[in-house]
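To be precise, the following lines are query38.pdb, and they hold PDB, C-alpha atoms.
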```pdb
ATOM      1  CA  MET A   1      12.391  25.517  12.190
ATOM      2  CA  LYS A   2       9.777  24.498   9.656
ATOM      3  CA  ILE A   3       7.466  21.512   9.978
ATOM      4  CA  GLU A   4       9.311  20.029   6.965
ATOM      5  CA  ASP A   5      12.536  20.034   9.015
ATOM      6  CA  TYR A   6      10.952  17.914  11.727
ATOM      7  CA  GLU A   7       9.517  15.580   9.087
ATOM      8  CA  LEU A   8      13.002  15.260   7.557
ATOM      9  CA  LEU A   9      14.514  14.248  10.909
ATOM     10  CA  LEU A  10      11.907  11.538  11.401
ATOM     11  CA  LYS A  11      12.400  10.259   7.861
ATOM     12  CA  LEU A  12      16.188  10.138   8.332
ATOM     13  CA  ASN A  13      15.695   8.134  11.513
ATOM     14  CA  GLU A  14      13.229   5.804   9.796
ATOM     15  CA  VAL A  15      15.265   5.158   6.642
ATOM     16  CA  GLY A  16      18.672   5.254   8.311
ATOM     17  CA  THR A  17      20.709   6.807   5.500
ATOM     18  CA  ILE A  18      20.978  10.223   3.887
ATOM     19  CA  ARG A  19      21.091   8.665   0.424
ATOM     20  CA  GLY A  20      17.968   6.569   1.006
ATOM     21  CA  THR A  21      16.068   9.491   2.483
ATOM     22  CA  ALA A  22      16.984  11.754  -0.431
ATOM     23  CA  LYS A  23      15.688   9.115  -2.854
ATOM     24  CA  ILE A  24      12.352   8.794  -1.033
ATOM     25  CA  ILE A  25      11.632  12.511  -0.618
ATOM     26  CA  LEU A  26      12.907  13.292  -4.134
ATOM     27  CA  ILE A  27      15.554  15.873  -3.356
ATOM     28  CA  SER A  28      19.333  15.692  -3.821
ATOM     29  CA  GLN A  29      21.637  14.052  -1.294
ATOM     30  CA  PRO A  30      23.689  17.250  -0.797
ATOM     31  CA  ALA A  31      20.455  19.161  -0.075
ATOM     32  CA  VAL A  32      19.523  16.669   2.660
ATOM     33  CA  THR A  33      23.029  16.882   4.128
ATOM     34  CA  GLN A  34      22.906  20.687   4.126
ATOM     35  CA  ARG A  35      19.453  20.715   5.735
ATOM     36  CA  LEU A  36      20.568  18.315   8.485
ATOM     37  CA  LYS A  37      23.613  20.509   9.126
ATOM     38  CA  TYR A  38      21.336  23.552   9.511
ATOM     39  CA  ILE A  39      19.056  21.705  11.959
ATOM     40  CA  GLU A  40      22.005  20.514  14.059
ATOM     41  CA  GLU A  41      23.348  24.086  14.155
ATOM     42  CA  TYR A  42      19.893  25.330  15.163
ATOM     43  CA  PHE A  43      19.799  23.002  18.174
ATOM     44  CA  GLY A  44      23.526  23.204  18.835
ATOM     45  CA  GLU A  45      23.743  19.423  19.057
ATOM     46  CA  MET A  46      24.775  16.522  16.849
ATOM     47  CA  ILE A  47      21.574  14.591  16.116
ATOM     48  CA  PHE A  48      22.967  11.530  14.324
ATOM     49  CA  ILE A  49      26.224   9.572  14.371
ATOM     50  CA  ARG A  50      27.097   8.237  10.921
ATOM     51  CA  THR A  51      28.084   4.568  11.160
ATOM     52  CA  SER A  52      28.999   2.302   8.248
ATOM     53  CA  LYS A  53      25.467   0.865   8.163
ATOM     54  CA  ARG A  54      23.069   3.604   9.190
ATOM     55  CA  LEU A  55      22.508   6.872  11.024
ATOM     56  CA  MET A  56      22.295   6.378  14.799
ATOM     57  CA  PRO A  57      20.648   9.071  16.951
ATOM     58  CA  THR A  58      22.738  10.522  19.758
ATOM     59  CA  PRO A  59      21.185  10.949  23.239
ATOM     60  CA  ALA A  60      20.463  14.583  22.334
ATOM     61  CA  GLY A  61      19.179  13.394  18.964
ATOM     62  CA  GLU A  62      16.697  11.059  20.635
ATOM     63  CA  MET A  63      15.294  13.992  22.602
ATOM     64  CA  ILE A  64      15.041  16.104  19.445
ATOM     65  CA  LEU A  65      13.348  13.250  17.539
ATOM     66  CA  ASN A  66      10.764  12.880  20.306
ATOM     67  CA  HIS A  67      10.184  16.624  20.129
ATOM     68  CA  ALA A  68       9.783  16.355  16.339
ATOM     69  CA  LYS A  69       7.086  13.691  16.764
ATOM     70  CA  GLU A  70       5.211  15.890  19.238
ATOM     71  CA  VAL A  71       5.418  18.929  16.948
ATOM     72  CA  ILE A  72       4.015  16.998  13.993
ATOM     73  CA  VAL A  73       1.192  15.530  16.093
ATOM     74  CA  ARG A  74       0.260  18.984  17.428
ATOM     75  CA  GLU A  75       0.365  20.399  13.898
ATOM     76  CA  GLU A  76      -1.922  17.633  12.650
ATOM     77  CA  ASN A  77      -4.305  18.088  15.595
ATOM     78  CA  ILE A  78      -4.703  21.817  15.042
ATOM     79  CA  LYS A  79      -5.293  21.276  11.310
ATOM     80  CA  ASN A  80      -7.980  18.707  12.105
ATOM     81  CA  SER A  81      -9.606  20.996  14.667
ATOM     82  CA  LEU A  82      -9.656  23.858  12.186
ATOM     83  CA  SER A  83     -11.118  21.646   9.470
ATOM     84  CA  GLN A  84     -13.932  20.549  11.801
ATOM     85  CA  SER A  85     -14.803  24.128  12.710
ATOM     86  CA  SER A  86     -14.745  25.397   9.129
ATOM     87  CA  ASP A  87     -17.618  25.389   6.668
ATOM     88  CA  ASP A  88     -15.164  24.389   3.937
ATOM     89  CA  VAL A  89     -13.783  20.865   3.654
ATOM     90  CA  GLN A  90     -10.066  21.301   4.273
ATOM     91  CA  GLY A  91      -7.176  19.939   6.334
ATOM     92  CA  THR A  92      -4.991  16.917   5.653
ATOM     93  CA  LEU A  93      -6.206  13.511   4.518
ATOM     94  CA  SER A  94      -3.687  10.744   5.256
ATOM     95  CA  ILE A  95      -4.141   7.505   3.327
ATOM     96  CA  ALA A  96      -2.256   4.207   3.383
ATOM     97  CA  CYS A  97      -3.215   2.180   0.334
ATOM     98  CA  SER A  98      -2.446  -1.200  -1.207
ATOM     99  CA  THR A  99      -0.159  -0.754  -4.204
ATOM    100  CA  LEU A 100      -2.572  -2.495  -6.550
ATOM    101  CA  VAL A 101      -5.500  -0.275  -5.551
ATOM    102  CA  SER A 102      -3.351   2.859  -5.661
ATOM    103  CA  GLN A 103      -2.250   2.111  -9.227
ATOM    104  CA  ARG A 104      -5.508   0.786 -10.635
ATOM    105  CA  PHE A 105      -8.275   2.794  -8.950
ATOM    106  CA  LEU A 106      -7.009   5.578  -6.681
ATOM    107  CA  PRO A 107      -5.834   8.106  -9.320
ATOM    108  CA  SER A 108      -9.324   8.649 -10.743
ATOM    109  CA  ILE A 109     -10.923   8.699  -7.274
ATOM    110  CA  LEU A 110      -8.454  11.275  -5.963
ATOM    111  CA  SER A 111      -8.749  13.316  -9.148
ATOM    112  CA  GLU A 112     -12.470  13.786  -8.582
ATOM    113  CA  TYR A 113     -11.990  14.281  -4.851
ATOM    114  CA  THR A 114      -9.376  17.036  -5.191
ATOM    115  CA  LYS A 115     -11.460  18.848  -7.794
ATOM    116  CA  LYS A 116     -14.355  18.874  -5.353
ATOM    117  CA  PHE A 117     -12.262  19.690  -2.268
ATOM    118  CA  PRO A 118      -9.183  21.620  -3.442
ATOM    119  CA  LYS A 119      -8.259  22.813   0.064
ATOM    120  CA  VAL A 120      -7.564  19.285   1.309
ATOM    121  CA  ALA A 121      -3.900  18.214   1.367
ATOM    122  CA  ILE A 122      -3.356  14.552   0.474
ATOM    123  CA  ASP A 123      -0.730  12.507   2.324
ATOM    124  CA  LEU A 124      -0.516   9.129   0.565
ATOM    125  CA  VAL A 125       1.627   6.092   1.382
ATOM    126  CA  THR A 126       1.458   2.907  -0.698
ATOM    127  CA  GLY A 127       2.729  -0.606  -0.082
ATOM    128  CA  ILE A 128       1.696  -4.193   0.511
ATOM    129  CA  SER A 129      -1.239  -4.709   2.841
ATOM    130  CA  GLU A 130       0.810  -6.571   5.450
ATOM    131  CA  ASP A 131       3.042  -3.525   6.004
ATOM    132  CA  ILE A 132       0.096  -1.107   6.023
ATOM    133  CA  LYS A 133      -1.634  -3.114   8.750
ATOM    134  CA  LYS A 134       1.366  -2.739  11.051
ATOM    135  CA  GLY A 135       1.242   1.073  10.964
ATOM    136  CA  HIS A 136      -2.424   1.706  10.228
ATOM    137  CA  LYS A 137      -2.959   3.925  13.295
ATOM    138  CA  LYS A 138      -0.759   6.601  11.710
ATOM    139  CA  TYR A 139      -3.312   7.207   8.937
ATOM    140  CA  HIS A 140      -6.878   8.410   8.705
ATOM    141  CA  VAL A 141      -7.783   5.706   6.188
ATOM    142  CA  SER A 142      -6.200   2.369   5.266
ATOM    143  CA  ILE A 143      -7.158   0.553   2.064
ATOM    144  CA  ILE A 144      -6.006  -3.043   2.312
ATOM    145  CA  ARG A 145      -6.411  -6.403   0.599
ATOM    146  CA  GLY A 146      -7.045  -9.749   2.248
ATOM    147  CA  GLU A 147      -8.316  -9.900   5.827
ATOM    148  CA  LYS A 148      -9.939  -6.822   7.343
ATOM    149  CA  LEU A 149      -8.212  -4.973  10.157
ATOM    150  CA  LYS A 150      -9.210  -5.892  13.684
ATOM    151  CA  GLU A 151     -10.163  -3.113  16.113
ATOM    152  CA  THR A 152     -11.179  -0.792  13.270
ATOM    153  CA  VAL A 153     -14.316   0.024  11.346
ATOM    154  CA  SER A 154     -13.850  -2.043   8.176
ATOM    155  CA  GLU A 155     -16.088  -1.796   5.124
ATOM    156  CA  ARG A 156     -15.704  -4.047   2.088
ATOM    157  CA  LEU A 157     -15.074  -2.144  -1.141
ATOM    158  CA  PHE A 158     -15.085  -5.066  -3.579
ATOM    159  CA  ASP A 159     -14.331  -8.764  -4.034
ATOM    160  CA  ASP A 160     -11.623  -9.437  -6.602
ATOM    161  CA  PRO A 161     -11.901 -12.912  -8.244
ATOM    162  CA  LEU A 162      -8.643 -14.749  -8.915
ATOM    163  CA  TYR A 163      -7.695 -16.457 -12.177
ATOM    164  CA  ILE A 164      -4.698 -18.521 -13.239
ATOM    165  CA  PHE A 165      -3.284 -17.518 -16.627
ATOM    166  CA  ASP A 166      -0.805 -19.104 -19.007
ATOM    167  CA  THR A 167       0.227 -18.922 -22.643
ATOM    168  CA  GLU A 168      -0.471 -22.655 -22.911
ATOM    169  CA  PRO A 169      -3.945 -24.267 -22.641
ATOM    170  CA  PHE A 170      -5.286 -25.871 -19.456
ATOM    171  CA  PRO A 171      -6.196 -29.443 -20.490
ATOM    172  CA  ASN A 172      -9.074 -31.212 -18.754
ATOM    173  CA  ASP A 173      -7.811 -34.747 -19.232
ATOM    174  CA  LYS A 174      -4.208 -34.650 -18.028
ATOM    175  CA  LEU A 175      -1.922 -33.087 -15.432
ATOM    176  CA  LYS A 176      -0.392 -29.761 -16.410
ATOM    177  CA  GLU A 177       3.154 -29.205 -15.155
ATOM    178  CA  ARG A 178       4.442 -25.651 -15.467
ATOM    179  CA  PRO A 179       6.465 -23.101 -13.473
ATOM    180  CA  LEU A 180       4.370 -20.813 -11.256
ATOM    181  CA  ILE A 181       5.193 -17.096 -11.288
ATOM    182  CA  SER A 182       4.162 -15.165  -8.174
ATOM    183  CA  PHE A 183       4.487 -11.530  -7.123
ATOM    184  CA  LYS A 184       5.313 -10.016  -3.737
ATOM    185  CA  SER A 185       2.192  -9.888  -1.611
ATOM    186  CA  ASP A 186       1.092 -10.617   1.940
ATOM    187  CA  ASP A 187       0.695 -14.098   3.373
ATOM    188  CA  SER A 188      -3.082 -14.217   2.894
ATOM    189  CA  MET A 189      -2.700 -14.026  -0.901
ATOM    190  CA  HIS A 190      -0.186 -16.866  -0.971
ATOM    191  CA  GLU A 191      -2.393 -18.929   1.342
ATOM    192  CA  LEU A 192      -5.346 -18.552  -1.044
ATOM    193  CA  VAL A 193      -3.258 -19.782  -3.972
ATOM    194  CA  ASP A 194      -1.593 -22.622  -2.049
ATOM    195  CA  ASN A 195      -4.946 -23.814  -0.725
ATOM    196  CA  TRP A 196      -6.483 -23.830  -4.218
ATOM    197  CA  LEU A 197      -3.486 -25.680  -5.681
ATOM    198  CA  TYR A 198      -3.732 -28.292  -2.939
ATOM    199  CA  TYR A 199      -7.291 -29.148  -3.975
ATOM    200  CA  HIS A 200      -6.323 -29.161  -7.669
ATOM    201  CA  GLN A 201      -3.054 -31.082  -7.482
ATOM    202  CA  ASN A 202      -4.388 -33.688  -9.911
ATOM    203  CA  GLN A 203      -4.965 -30.931 -12.460
ATOM    204  CA  LEU A 204      -2.003 -28.565 -11.983
ATOM    205  CA  LYS A 205       1.503 -29.135 -10.670
ATOM    206  CA  PRO A 206       3.944 -26.222 -10.354
ATOM    207  CA  VAL A 207       7.383 -27.611 -11.197
ATOM    208  CA  LYS A 208       9.195 -24.589  -9.774
ATOM    209  CA  ASN A 209       8.421 -21.137  -8.435
ATOM    210  CA  ILE A 210       9.526 -17.826  -9.913
ATOM    211  CA  ARG A 211       9.177 -14.894  -7.483
ATOM    212  CA  VAL A 212       9.103 -11.268  -8.665
ATOM    213  CA  ASP A 213       8.523  -7.981  -6.843
ATOM    214  CA  GLN A 214       5.750  -6.375  -8.872
ATOM    215  CA  ILE A 215       2.450  -7.678 -10.211
ATOM    216  CA  GLU A 216       3.146  -6.038 -13.601
ATOM    217  CA  THR A 217       6.417  -7.957 -13.850
ATOM    218  CA  CYS A 218       4.507 -11.134 -13.043
ATOM    219  CA  LYS A 219       2.086 -10.427 -15.895
ATOM    220  CA  GLN A 220       4.877  -9.764 -18.380
ATOM    221  CA  PHE A 221       6.736 -12.956 -17.409
ATOM    222  CA  MET A 222       3.542 -14.936 -17.969
ATOM    223  CA  LYS A 223       2.961 -13.280 -21.345
ATOM    224  CA  GLU A 224       6.493 -14.253 -22.385
ATOM    225  CA  GLY A 225       5.679 -17.903 -21.694
ATOM    226  CA  LEU A 226       7.797 -18.340 -18.571
ATOM    227  CA  GLY A 227       4.989 -20.020 -16.655
ATOM    228  CA  MET A 228       1.555 -19.733 -15.055
ATOM    229  CA  ALA A 229       0.480 -16.763 -12.921
ATOM    230  CA  VAL A 230      -2.431 -16.222 -10.537
ATOM    231  CA  LEU A 231      -3.793 -12.717 -11.079
ATOM    232  CA  PRO A 232      -6.809 -10.829  -9.730
ATOM    233  CA  LYS A 233      -9.502  -9.702 -12.150
ATOM    234  CA  SER A 234      -8.764  -6.040 -11.343
ATOM    235  CA  VAL A 235      -5.468  -6.204 -13.250
ATOM    236  CA  SER A 236      -6.189  -8.933 -15.772
ATOM    237  CA  ASP A 237      -9.667  -8.343 -17.228
ATOM    238  CA  SER A 238      -8.121  -7.069 -20.488
ATOM    239  CA  MET A 239      -6.246 -10.372 -20.872
ATOM    240  CA  MET A 240      -9.281 -12.657 -20.727
ATOM    241  CA  ASP A 241      -9.780 -12.890 -24.505
ATOM    242  CA  GLU A 242      -6.106 -13.316 -25.313
ATOM    243  CA  TYR A 243      -4.655 -15.858 -22.877
ATOM    244  CA  PRO A 244      -5.835 -19.262 -21.625
ATOM    245  CA  HIS A 245      -7.107 -19.029 -18.056
ATOM    246  CA  ILE A 246      -9.329 -20.692 -15.504
ATOM    247  CA  SER A 247     -11.166 -19.263 -12.537
ATOM    248  CA  LEU A 248     -10.005 -20.249  -9.062
ATOM    249  CA  GLU A 249     -12.991 -21.919  -7.432
ATOM    250  CA  LEU A 250     -13.575 -24.082  -4.363
ATOM    251  CA  ASP A 251     -16.845 -25.952  -3.860
ATOM    252  CA  GLY A 252     -18.303 -24.045  -6.788
ATOM    253  CA  ASN A 253     -17.513 -20.634  -5.239
ATOM    254  CA  PRO A 254     -14.967 -18.216  -6.691
ATOM    255  CA  VAL A 255     -11.802 -17.602  -4.693
ATOM    256  CA  THR A 256     -11.612 -13.837  -4.188
ATOM    257  CA  ARG A 257      -9.227 -11.264  -2.803
ATOM    258  CA  ASP A 258     -11.297  -8.895  -0.667
ATOM    259  CA  THR A 259     -10.501  -5.181  -0.525
ATOM    260  CA  TRP A 260     -11.387  -3.124   2.552
ATOM    261  CA  VAL A 261     -11.391   0.471   3.705
ATOM    262  CA  CYS A 262     -10.481   0.594   7.394
ATOM    263  CA  TYR A 263     -10.486   3.500   9.834
ATOM    264  CA  GLN A 264     -10.650   4.278  13.539
ATOM    265  CA  ASP A 265     -14.033   4.866  15.124
ATOM    266  CA  GLY A 266     -14.773   8.616  15.207
ATOM    267  CA  VAL A 267     -12.388   9.645  12.421
ATOM    268  CA  ARG A 268     -15.324  10.355  10.105
ATOM    269  CA  ASN A 269     -16.072  13.398  12.281
ATOM    270  CA  LEU A 270     -13.337  14.992  10.179
ATOM    271  CA  PRO A 271     -15.138  16.263   7.052
ATOM    272  CA  GLN A 272     -12.218  15.578   4.689
ATOM    273  CA  VAL A 273     -12.072  11.958   5.864
ATOM    274  CA  ASP A 274     -15.824  11.465   5.764
ATOM    275  CA  GLN A 275     -16.060  12.781   2.197
ATOM    276  CA  PHE A 276     -13.224  10.541   1.027
ATOM    277  CA  ILE A 277     -14.767   7.420   2.560
ATOM    278  CA  LYS A 278     -18.080   8.334   0.930
ATOM    279  CA  ALA A 279     -16.279   8.591  -2.414
ATOM    280  CA  LEU A 280     -14.767   5.146  -1.922
ATOM    281  CA  LEU A 281     -18.058   3.541  -0.950
ATOM    282  CA  ASP A 282     -19.825   5.134  -3.947
ATOM    283  CA  GLU A 283     -17.181   3.878  -6.397
ATOM    284  CA  LYS A 284     -17.963   0.941  -8.693
ATOM    285  CA  PHE A 285     -14.633  -0.882  -8.755
ATOM    286  CA  LEU A 286     -15.379  -3.974 -10.838
TER     287      LEU A 286
END
```
If you took the structure in this file and wrote it as structure tokens, what would it be?
Amino acid sequence: MKIEDYELLLKLNEVGTIRGTAKIILISQPAVTQRLKYIEEYFGEMIFIRTSKRLMPTPAGEMILNHAKEVIVREENIKNSLSQSSDDVQGTLSIACSTLVSQRFLPSILSEYTKKFPKVAIDLVTGISEDIKKGHKKYHVSIIRGEKLKETVSERLFDDPLYIFDTEPFPNDKLKERPLISFKSDDSMHELVDNWLYYHQNQLKPVKNIRVDQIETCKQFMKEGLGMAVLPKSVSDSMMDEYPHISLELDGNPVTRDTWVCYQDGVRNLPQVDQFIKALLDEKFL
């Protein structure tokens, strides 16, 4: 059994379907099916029952899945121990990162990092900050937006001012009524926008809401004139000269979306983690 086989079992259990797992790990569905068949033959037990909705682990499968978790933890621990005892920076660096940060900033940071430390393996998961917070203990480093993580060491990377954009002007002397386009984010982002709109209800009135999954889709809908959109500076600075916009401010202070790097106390004893956090803290984001 290879470590990849144990990782496949855990991913199958997490996702619940062979098709979904194949899509995530970027191999064909028949290849996943064949690999699962090999693993079940290796243990001599059926690991999953295939129901109409999802894969369900058998009693033997539950034992094997627990074993898989232990194997992966032991593998990770020995890699970390070896990386600490080596003069070279090596081992695995596991990162959970906000989608916006991973698309806008992380590629260049990781490019420089991997050139400097080519022996480090990168394990990267991206998503919305709310989901990352729930499973942050599984990663060396979490890069999140909004509120910092409790019970972790949290260092602010940058403050991201918010602006509301539209294809139509924002008049000063009358109420503007327009649809509001929003993208999938965590509750703290929506609370910032709702709070600002509450204090500016005499200036702006959303007549309906349009919800989309991705921030890029939100931008494109706004550019096509479908309504207003609140966007952070990190993804909209190139639009400032082209589209009408106003800064979100309360009591004369800009409303910002804070970005944090969070990690467990002591994890910087791992050289690969320490060097990555240093790279983040040295980066000029905005």
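Across the model, the gap from atom CA of A:Val230 to atom CA of A:Leu197 is 10.7 Å.
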Which of these residues is nearest to A:Ile122, using only C-alpha atoms: A:Val32, A:Ser188, A:Gln272, A:Gln103?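 Checking each candidate against A:Ile122, we get A:Gln272 as the closest.
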Would you kindly return, as a PyMOL selection string, each protein, DNA or RNA residue with an atom no farther than 12 Å from any atom of stretch 242-250 of chain A, considering all atoms listed in the file and excluding same-chain residues fewer than 5 positions away? chain A and resi 160-172+192-200+203-204+219+222-225+227-233+236-237+255-257
Please determine, counting only C-alpha atoms, which residue among A:Leu149, A:Val207, A:Asp131, A:Asn77 has the shortest atom-to-atom distance to A:Lys184.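 Of the candidates, the smallest distance to A:Lys184 is held by A:Asp131.
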Please, what distance in Å, to one decimal, runs between atom CA of A:Leu55 and atom CA of A:Asp186?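 Atom-to-atom, atom CA of A:Leu55 to atom CA of A:Asp186, that is 29.1 Å.
The gap separating atom CA of A:Ile18 from atom CA of A:Pro30 is 8.9 Å, in Å to one decimal.
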Picked residues, the PyMOL selection byres ((chain A and resi 271) around 8), expected as number ranges by chain: A: 83-84, 89-90, 268-270, 272-275
Please provide the set of residues having any atom within 6 Å of A:Val120, restricted to all atoms listed in the file, with same-chain residues fewer than 3 positions apart removed, written as a PyMOL selection string. chain A and resi 90-92+117
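The list of residues within 12 Å of (0.4, 1.4, -1.5), counted using only C-alpha atoms, is Ile95, Ala96, Cys97, Ser98, Thr99, Leu100, Val101, Ser102, Gln103, Arg104, Phe105, Leu106, Asp123, Leu124, Val125, Thr126, Gly127, Ile128, Ser129, Glu130, Asp131, Ile132, Lys133, Ser142, Ile143, Ile144, Arg145, Ser185 and Gln214 of chain A.
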Residues just named, written with C-alpha atoms as a short mmCIF file (atom, residue, chain, number, x, y, z; two decimals), keeping the file's coordinate frame:
```cif
data_model
loop_
_atom_site.label_atom_id
_atom_site.label_comp_id
_atom_site.auth_asym_id
_atom_site.auth_seq_id
_atom_site.Cartn_x
_atom_site.Cartn_y
_atom_site.Cartn_z
CA ILE A 95 -4.14 7.50 3.33
CA ALA A 96 -2.26 4.21 3.38
CA CYS A 97 -3.22 2.18 0.33
CA SER A 98 -2.45 -1.20 -1.21
CA THR A 99 -0.16 -0.75 -4.20
CA LEU A 100 -2.57 -2.50 -6.55
CA VAL A 101 -5.50 -0.28 -5.55
CA SER A 102 -3.35 2.86 -5.66
CA GLN A 103 -2.25 2.11 -9.23
CA ARG A 104 -5.51 0.79 -10.64
CA PHE A 105 -8.28 2.79 -8.95
CA LEU A 106 -7.01 5.58 -6.68
CA ASP A 123 -0.73 12.51 2.32
CA LEU A 124 -0.52 9.13 0.56
CA VAL A 125 1.63 6.09 1.38
CA THR A 126 1.46 2.91 -0.70
CA GLY A 127 2.73 -0.61 -0.08
CA ILE A 128 1.70 -4.19 0.51
CA SER A 129 -1.24 -4.71 2.84
CA GLU A 130 0.81 -6.57 5.45
CA ASP A 131 3.04 -3.52 6.00
CA ILE A 132 0.10 -1.11 6.02
CA LYS A 133 -1.63 -3.11 8.75
CA SER A 142 -6.20 2.37 5.27
CA ILE A 143 -7.16 0.55 2.06
CA ILE A 144 -6.01 -3.04 2.31
CA ARG A 145 -6.41 -6.40 0.60
CA SER A 185 2.19 -9.89 -1.61
CA GLN A 214 5.75 -6.38 -8.87
#
```
Result set of the PyMOL selection byres ((chain A and resi 180) around 7) on the coordinates above, as an mmCIF file with C-alpha atoms, keeping the file's coordinate frame:
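The result, stored in expr.cif:
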```cif
data_model
loop_
_atom_site.group_PDB
_atom_site.id
_atom_site.type_symbol
_atom_site.label_atom_id
_atom_site.label_comp_id
_atom_site.auth_asym_id
_atom_site.auth_seq_id
_atom_site.Cartn_x
_atom_site.Cartn_y
_atom_site.Cartn_z
ATOM 1 C CA ARG A 178 4.442 -25.651 -15.467
ATOM 2 C CA PRO A 179 6.465 -23.101 -13.473
ATOM 3 C CA ILE A 181 5.193 -17.096 -11.288
ATOM 4 C CA SER A 182 4.162 -15.165 -8.174
ATOM 5 C CA PRO A 206 3.944 -26.222 -10.354
ATOM 6 C CA LYS A 208 9.195 -24.589 -9.774
ATOM 7 C CA ASN A 209 8.421 -21.137 -8.435
ATOM 8 C CA ILE A 210 9.526 -17.826 -9.913
ATOM 9 C CA GLY A 227 4.989 -20.020 -16.655
ATOM 10 C CA MET A 228 1.555 -19.733 -15.055
ATOM 11 C CA ALA A 229 0.480 -16.763 -12.921
#
```
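Of the residues listed (A:Tyr113, A:Glu147, A:Phe43, A:Ala68), A:Ala68 shows the shortest atom-to-atom separation from A:Ile3; distances use only C-alpha atoms.
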When distances are computed from only C-alpha atoms, which of A:Lys23, A:Ala60, A:Lys53, A:Ala279 shows the smallest separation from A:Glu40?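 With only C-alpha atoms as the atom set, the closest residue is A:Ala60.
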Test item: the PyMOL selection byres ((chain A and resi 263) around 7) resolved as a VMD selection string: chain A and resid 140 to 142 152 to 154 261 to 262 264 to 265 267
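Among the candidate residues A:Met239, A:Met46, A:Val71, A:Leu157, the one lying nearest to A:Glu4 is A:Val71, with distances computed using all atoms listed in the file.
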So that I can check the surroundings of A:Arg156, please list as a ChimeraX atom specification every protein, DNA and RNA residue that reaches within 9 Å of it, counting all atoms listed in the file and ignoring chain neighbours fewer than 4 positions away. /A:148,258-262,281
Hey, could you patch up stretch 158-172 of chain A with N, CA and C atoms and hand it over as an mmCIF file, in the frame of the given file?
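So selection-v3.cif came out as:
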```cif
data_model
loop_
_atom_site.group_PDB
_atom_site.id
_atom_site.type_symbol
_atom_site.label_atom_id
_atom_site.label_comp_id
_atom_site.auth_asym_id
_atom_site.auth_seq_id
_atom_site.Cartn_x
_atom_site.Cartn_y
_atom_site.Cartn_z
ATOM 1 N N PHE A 158 -14.737 -4.148 -2.492
ATOM 2 C CA PHE A 158 -15.085 -5.066 -3.579
ATOM 3 C C PHE A 158 -14.382 -6.399 -3.376
ATOM 4 N N ASP A 159 -14.949 -7.440 -3.984
ATOM 5 C CA ASP A 159 -14.331 -8.764 -4.034
ATOM 6 C C ASP A 159 -13.663 -8.918 -5.393
ATOM 7 N N ASP A 160 -12.426 -9.362 -5.384
ATOM 8 C CA ASP A 160 -11.623 -9.437 -6.602
ATOM 9 C C ASP A 160 -11.351 -10.905 -6.950
ATOM 10 N N PRO A 161 -12.099 -11.496 -7.899
ATOM 11 C CA PRO A 161 -11.901 -12.912 -8.244
ATOM 12 C C PRO A 161 -10.498 -13.168 -8.775
ATOM 13 N N LEU A 162 -9.970 -14.359 -8.467
ATOM 14 C CA LEU A 162 -8.643 -14.749 -8.915
ATOM 15 C C LEU A 162 -8.735 -15.721 -10.083
ATOM 16 N N TYR A 163 -7.779 -15.580 -11.018
ATOM 17 C CA TYR A 163 -7.695 -16.457 -12.177
ATOM 18 C C TYR A 163 -6.249 -16.897 -12.340
ATOM 19 N N ILE A 164 -6.059 -18.080 -12.903
ATOM 20 C CA ILE A 164 -4.698 -18.521 -13.239
ATOM 21 C C ILE A 164 -4.551 -18.470 -14.753
ATOM 22 N N PHE A 165 -3.526 -17.758 -15.200
ATOM 23 C CA PHE A 165 -3.284 -17.518 -16.627
ATOM 24 C C PHE A 165 -2.033 -18.267 -17.091
ATOM 25 N N ASP A 166 -1.989 -18.518 -18.380
ATOM 26 C CA ASP A 166 -0.805 -19.104 -19.007
ATOM 27 C C ASP A 166 -0.881 -18.817 -20.504
ATOM 28 N N THR A 167 0.238 -19.013 -21.180
ATOM 29 C CA THR A 167 0.227 -18.922 -22.643
ATOM 30 C C THR A 167 -0.149 -20.268 -23.262
ATOM 31 N N GLU A 168 -0.127 -21.316 -22.445
ATOM 32 C CA GLU A 168 -0.471 -22.655 -22.911
ATOM 33 C C GLU A 168 -1.842 -23.059 -22.372
ATOM 34 N N PRO A 169 -2.598 -23.880 -23.078
ATOM 35 C CA PRO A 169 -3.945 -24.267 -22.641
ATOM 36 C C PRO A 169 -3.929 -25.045 -21.321
ATOM 37 N N PHE A 170 -5.083 -25.085 -20.668
ATOM 38 C CA PHE A 170 -5.286 -25.871 -19.456
ATOM 39 C C PHE A 170 -6.108 -27.112 -19.833
ATOM 40 N N PRO A 171 -5.459 -28.247 -20.061
ATOM 41 C CA PRO A 171 -6.196 -29.443 -20.490
ATOM 42 C C PRO A 171 -7.061 -30.007 -19.371
ATOM 43 N N ASN A 172 -8.167 -30.613 -19.736
ATOM 44 C CA ASN A 172 -9.074 -31.212 -18.754
ATOM 45 C C ASN A 172 -8.745 -32.662 -18.452
#
```
